[in-house]
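Text of coords39.txt, listed as compact mmCIF, C-alpha atoms and all ligand atoms:
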```txt
# COMPACT_ATOMS: atom_id res chain seq x y z
CA MET J 152 -4.27 -44.57 15.14
CA ARG J 153 -4.94 -42.88 18.47
CA LYS J 154 -6.56 -39.55 19.32
CA CYS J 155 -4.71 -36.31 19.98
CA ARG J 156 -4.06 -35.87 23.72
CA TRP J 157 -4.73 -32.25 24.72
CA ALA J 158 -3.57 -30.28 27.73
CA VAL J 159 -5.62 -27.17 28.53
CA LEU J 160 -4.05 -24.40 30.61
CA ILE J 161 -6.40 -22.16 32.59
CA SER J 162 -6.49 -19.54 35.32
CA GLY J 163 -10.19 -19.07 35.98
CA ARG J 164 -13.70 -20.17 35.34
CA GLY J 165 -12.87 -22.49 32.47
CA SER J 166 -15.86 -22.01 30.17
CA ASN J 167 -13.59 -22.64 27.17
CA LEU J 168 -12.22 -25.69 28.94
CA ALA J 169 -15.82 -26.89 29.19
CA THR J 170 -15.95 -27.19 25.40
CA PHE J 171 -13.32 -29.96 25.74
CA LEU J 172 -15.21 -31.59 28.61
CA ASP J 173 -18.47 -31.52 26.68
CA SER J 174 -17.11 -33.43 23.71
CA GLN J 175 -14.91 -36.18 25.06
CA ASP J 176 -16.14 -38.58 22.41
CA GLU J 177 -14.21 -36.54 19.82
CA VAL J 178 -11.63 -34.70 21.88
CA GLN J 179 -9.31 -36.30 24.37
CA LEU J 180 -8.60 -33.94 27.22
CA ALA J 181 -5.68 -35.60 29.00
CA LEU J 182 -4.54 -32.88 31.43
CA VAL J 183 -5.59 -29.54 32.89
CA ILE J 184 -3.03 -27.15 34.34
CA SER J 185 -4.03 -24.07 36.33
CA ASN J 186 -1.85 -21.39 37.84
CA LYS J 187 -4.54 -20.77 40.46
CA ALA J 188 -5.65 -23.45 42.90
CA GLU J 189 -9.09 -21.83 43.26
CA ALA J 190 -9.82 -21.73 39.50
CA TYR J 191 -13.36 -22.99 38.97
CA GLY J 192 -12.18 -24.77 35.81
CA LEU J 193 -10.29 -27.22 38.04
CA GLN J 194 -13.54 -28.24 39.72
CA ARG J 195 -15.16 -28.78 36.33
CA ALA J 196 -12.27 -30.98 35.19
CA ARG J 197 -11.93 -32.95 38.43
CA ARG J 198 -15.66 -33.74 38.38
CA MET J 199 -15.05 -35.41 35.02
CA GLY J 200 -12.01 -37.33 36.30
CA ILE J 201 -9.46 -35.38 34.26
CA PRO J 202 -5.94 -35.21 35.79
CA CYS J 203 -5.23 -31.68 37.07
CA GLU J 204 -2.05 -29.91 38.14
CA VAL J 205 -1.62 -26.54 39.84
CA ILE J 206 1.46 -24.40 39.25
CA GLU J 207 1.22 -21.50 41.69
CA GLY J 208 3.94 -18.95 42.32
CA LYS J 209 7.14 -19.16 40.30
CA ALA J 210 6.53 -22.00 37.88
CA ASN J 211 9.17 -24.64 37.31
CA TRP J 212 8.73 -25.03 33.55
CA GLN J 213 11.01 -28.05 33.38
CA GLN J 214 8.65 -29.70 35.81
CA VAL J 215 5.69 -28.64 33.64
CA GLN J 216 7.42 -30.21 30.61
CA ALA J 217 7.95 -33.40 32.58
CA THR J 218 4.25 -33.46 33.55
CA LEU J 219 3.19 -32.95 29.92
CA LYS J 220 5.51 -35.76 28.87
CA HIS J 221 4.20 -38.03 31.61
CA HIS J 222 0.64 -37.51 30.31
CA ARG J 223 1.84 -38.00 26.70
CA ILE J 224 0.46 -34.61 25.61
CA ASP J 225 0.42 -33.84 21.89
CA ALA J 226 -0.96 -30.30 21.89
CA ILE J 227 -1.74 -27.45 24.27
CA PHE J 228 -4.61 -24.96 24.32
CA LEU J 229 -4.33 -21.85 26.47
CA CYS J 230 -7.84 -20.95 27.60
CA GLY J 231 -7.48 -17.83 29.72
CA PHE J 232 -4.06 -18.83 31.08
CA MET J 233 -2.65 -15.70 32.72
CA LYS J 234 0.98 -16.60 33.18
CA ILE J 235 3.95 -15.65 31.02
CA ILE J 236 5.39 -18.73 29.35
CA PRO J 237 9.15 -18.88 28.71
CA GLU J 238 10.43 -18.69 25.16
CA GLU J 239 12.19 -22.05 25.32
CA PHE J 240 8.96 -23.78 26.27
CA LEU J 241 7.08 -22.07 23.43
CA GLU J 242 9.77 -23.03 20.93
CA PHE J 243 9.48 -26.66 21.96
CA TRP J 244 5.68 -26.59 21.43
CA GLN J 245 5.75 -24.44 18.27
CA GLY J 246 2.88 -25.40 15.95
CA ARG J 247 1.20 -27.36 18.76
CA ILE J 248 0.27 -24.58 21.18
CA PHE J 249 -2.77 -22.35 20.66
CA ASN J 250 -4.54 -19.54 22.47
CA ILE J 251 -8.04 -18.09 22.45
CA HIS J 252 -8.08 -14.30 22.69
CA PRO J 253 -11.17 -12.07 23.12
CA SER J 254 -10.56 -9.60 20.28
CA LEU J 255 -10.23 -9.47 16.54
CA LEU J 256 -6.44 -9.65 16.50
CA PRO J 257 -4.17 -7.93 15.69
CA ALA J 258 -6.38 -5.31 17.34
CA PHE J 259 -6.49 -5.16 21.14
CA THR J 260 -3.77 -7.54 22.25
CA GLY J 261 -3.18 -7.94 25.98
CA LEU J 262 -5.57 -7.42 28.87
CA LYS J 263 -9.07 -5.93 28.95
CA SER J 264 -9.46 -6.37 25.19
CA ILE J 265 -13.24 -6.32 25.21
CA GLU J 266 -13.48 -3.15 27.27
CA ARG J 267 -10.88 -1.44 25.07
CA ALA J 268 -12.65 -2.47 21.85
CA VAL J 269 -15.95 -1.12 23.21
CA GLU J 270 -14.28 2.10 24.28
CA ALA J 271 -12.80 2.50 20.80
CA GLU J 272 -16.20 1.72 19.24
CA ALA J 273 -14.64 -1.13 17.29
CA ASP J 274 -16.05 -4.53 16.32
CA VAL J 275 -15.72 -7.07 19.13
CA GLY J 276 -14.85 -10.71 18.53
CA ALA J 277 -12.47 -13.55 19.23
CA THR J 278 -9.41 -15.16 17.65
CA VAL J 279 -7.64 -18.51 17.82
CA HIS J 280 -3.93 -18.06 17.18
CA GLY J 281 -0.63 -19.83 17.53
CA VAL J 282 1.44 -18.85 20.55
CA ILE J 283 4.82 -17.18 20.14
CA PRO J 284 6.89 -15.25 22.68
CA GLU J 285 5.26 -11.95 21.64
CA VAL J 286 1.93 -11.71 23.49
CA ASP J 287 -1.13 -12.41 21.27
CA ARG J 288 0.94 -12.03 18.08
CA GLY J 289 1.15 -15.58 16.71
CA GLU J 290 -0.37 -16.73 13.43
CA ILE J 291 -4.12 -16.18 13.25
CA PHE J 292 -6.04 -19.39 12.52
CA LEU J 293 -9.69 -18.56 13.19
CA GLN J 294 -11.47 -15.34 13.90
CA LYS J 295 -15.08 -14.27 14.22
CA GLU J 296 -16.97 -11.12 15.10
CA ALA J 297 -19.22 -11.41 18.15
CA VAL J 298 -20.73 -7.92 18.25
CA ASN J 299 -20.69 -5.43 15.43
CA LYS J 300 -19.67 -1.91 16.42
CA SER J 301 -23.07 -0.65 15.27
CA ASN J 302 -24.68 -2.63 18.11
CA LEU J 303 -22.37 -1.65 20.96
CA LYS J 304 -24.57 1.15 22.22
CA ILE J 305 -27.63 -1.05 22.71
CA LEU J 306 -25.83 -3.79 24.65
CA SER J 307 -24.55 -3.91 28.22
CA ILE J 308 -20.92 -4.92 28.79
CA GLU J 309 -22.20 -8.16 30.39
CA LYS J 310 -24.11 -9.03 27.23
CA ILE J 311 -21.10 -8.21 25.06
CA ASN J 312 -18.91 -10.43 27.24
CA PHE J 313 -21.47 -13.19 26.93
CA TYR J 314 -21.55 -12.98 23.12
CA VAL J 315 -17.74 -13.00 22.96
CA HIS J 316 -17.64 -16.16 25.07
CA VAL J 317 -20.20 -17.86 22.85
CA VAL J 318 -17.99 -17.10 19.85
CA GLU J 319 -14.85 -18.22 21.71
CA HIS J 320 -16.39 -21.60 22.49
CA GLU J 321 -17.40 -22.03 18.87
CA LEU J 322 -13.89 -21.20 17.64
CA VAL J 323 -12.12 -23.42 20.18
CA ARG J 324 -14.36 -26.35 19.29
CA LYS J 325 -13.83 -25.77 15.59
CA TRP J 326 -10.05 -25.34 15.76
CA VAL J 327 -9.46 -28.38 17.97
CA ARG J 328 -11.39 -30.62 15.58
CA HIS J 329 -9.80 -29.10 12.51
CA TRP J 330 -6.25 -29.26 13.83
CA GLN J 331 -6.37 -32.80 15.17
CA SER J 332 -8.09 -34.14 12.06
CA ASN J 333 -5.11 -32.96 10.00
CA MET J 334 -2.51 -34.70 12.15
CA THR J 335 -1.60 -38.27 12.92
CA PHE J 336 -0.53 -39.30 16.40
CA SER J 337 1.73 -42.27 16.83
CA SER J 338 1.24 -44.48 19.87
C1 LIG R 401 -11.50 -15.87 27.74
O1 LIG R 401 -12.21 -14.72 27.40
C2 LIG R 401 -10.22 -15.94 26.98
O2 LIG R 401 -10.29 -15.43 25.70
C3 LIG R 401 -9.35 -15.04 27.83
O3 LIG R 401 -9.68 -15.41 29.14
C4 LIG R 401 -11.04 -15.81 29.19
C5 LIG R 401 -11.13 -17.13 29.86
O4 LIG R 401 -12.46 -17.51 30.05
N1 LIG R 401 -7.98 -15.14 27.45
P1 LIG R 401 -12.84 -18.95 30.55
O5 LIG R 401 -12.00 -19.22 31.79
O6 LIG R 401 -12.53 -19.92 29.46
O7 LIG R 401 -14.29 -18.88 30.87
```
Could you quickly redo this structure as structure tokens?
Amino acid sequence: MRKCRWAVLISGRGSNLATFLDSQDEVQLALVISNKAEAYGLQRARRMGIPCEVIEGKANWQQVQATLKHHRIDAIFLCGFMKIIPEEFLEFWQGRIFNIHPSLLPAFTGLKSIERAVEAEADVGATVHGVIPEVDRGEIFLQKEAVNKSNLKILSIEKINFYVHVVEHELVRKWVRHWQSNMTFSS
């Protein structure tokens, strides 16, 4: 039996991607796709010899599918990927495509979730969920608080961001291991 082959889609610094790079004994990162050529995550992945693709501008999703097929990808993790994905693509990957989001969903979907949670004096955290066409609305698989609302006033936004990322990395690591250990992958 072989390992699950993951593709991670990014747009930026790739700290969640790094959780895949840091544990290649258990997790097989087979492809990184970024919609920004300057994403720091690409540098991280290239340094480790991981195949990388850039899809800037209007993405050709058929081409993306072909690339995923070429690299024999089993599952996809969106780690800060800031591009709208077409419904057809999501349907094809249903049950095998996940996202990490910096809020306690269903609260604060969309952009600037941390800032909006702080503004609303709500608990701040992160969620791993399945991806469906509705943004940040798929099934919730893992969720954890990073900062309780009672502590918001004593922390800077930088510190809150930091704690959310720590929790995100923990959840991504946990979900990837959990999900792949419950599946079998034929050669
Ligand atoms: C993370 O906070 C993720 O939840 C959000 O985008 C950010 C990406 O961070 N969707 P990184 O590139 O993994 O450091």
**OP:** State, in Å with one decimal place, the distance from atom CA of J:Val215 to atom CA of J:Ile251.
**Re:**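 These atoms are spaced 20.6 Å apart.
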**OP:** Excluding stretch 227-243 of chain J and any residue of its chain fewer than 3 positions from it, enumerate the residues within 7 Å of it, using all atoms listed in the file, and give them as a list in words.
**Re:**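 My reading of the contact set: Trp157, Ala158, Val159, Leu160, Ile161, Ser162, Gly163, Asn167, Leu168, Arg247, Ile248, Phe249, Asn250, Ile251, Ile283 and Pro284 of chain J.
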Using all atoms listed in the file, which protein or nucleic acid residues come within 12 Å of J:Ala188? Drop anything in the same chain fewer than 4 positions from it, and give the result as a short mmCIF file (atom, residue, chain, number, x, y, z; two decimals) with C-alpha atoms, keeping the file's coordinate frame.
```cif
data_model
loop_
_atom_site.label_atom_id
_atom_site.label_comp_id
_atom_site.auth_asym_id
_atom_site.auth_seq_id
_atom_site.Cartn_x
_atom_site.Cartn_y
_atom_site.Cartn_z
CA ILE J 161 -6.40 -22.16 32.59
CA SER J 162 -6.49 -19.54 35.32
CA GLY J 163 -10.19 -19.07 35.98
CA ARG J 164 -13.70 -20.17 35.34
CA VAL J 183 -5.59 -29.54 32.89
CA ILE J 184 -3.03 -27.15 34.34
CA GLY J 192 -12.18 -24.77 35.81
CA LEU J 193 -10.29 -27.22 38.04
CA GLN J 194 -13.54 -28.24 39.72
CA CYS J 203 -5.23 -31.68 37.07
CA GLU J 204 -2.05 -29.91 38.14
CA VAL J 205 -1.62 -26.54 39.84
CA ILE J 206 1.46 -24.40 39.25
CA GLU J 207 1.22 -21.50 41.69
CA GLY J 208 3.94 -18.95 42.32
#
```
**OP:** Compile the contact shell of J:Val327 as a list of chain:residue names: residues with an atom at most 9 Å away, counting only C-alpha atoms, same-chain residues fewer than 3 positions apart removed.
**Re:**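 Neighbouring residues, sequence-local ones excluded: J:Phe171, J:Val178, J:Phe228, J:Leu322, J:Val323, J:Arg324, J:Trp330, J:Gln331, J:Ser332.
In terms of minimum interatomic distance to J:Val269, J:Ile308 ranks closest within J:Ile308, J:Leu180, J:Val317, J:Val282, counting only C-alpha atoms.
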Original post:
Could you state the separation of atom CA of J:Gln294 and atom CA of J:Asp176 in Å, given to one decimal place?
Top reply: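 Separating atom CA of J:Gln294 from atom CA of J:Asp176 is a distance of 25.2 Å.
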Original post:
Pick from J:Ala277, J:Leu293, J:Ala210, J:Ala196: nearest to ligand LIG 401 (chain R), with all atoms listed in the file counted?
Top reply: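 Using all atoms listed in the file, ligand LIG 401 (chain R) sits closest to J:Ala277.
The interatomic distance for the pair atom CA of J:Ala258 and atom CA of J:Ile311 works out to 16.9 Å.
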**OP:** Could you check which of J:Asn333, J:Gln213, J:Ser254, J:Ser174 is closest to ligand LIG 401 (chain R), using all atoms listed in the file?
**Re:** J:Ser254
Original post:
Which residue gives the smallest distance to ligand LIG 401 (chain R) among J:Asp274, J:Lys295, J:Lys187, J:Ser166, with only C-alpha atoms and all ligand atoms counted?
Top reply: J:Ser166
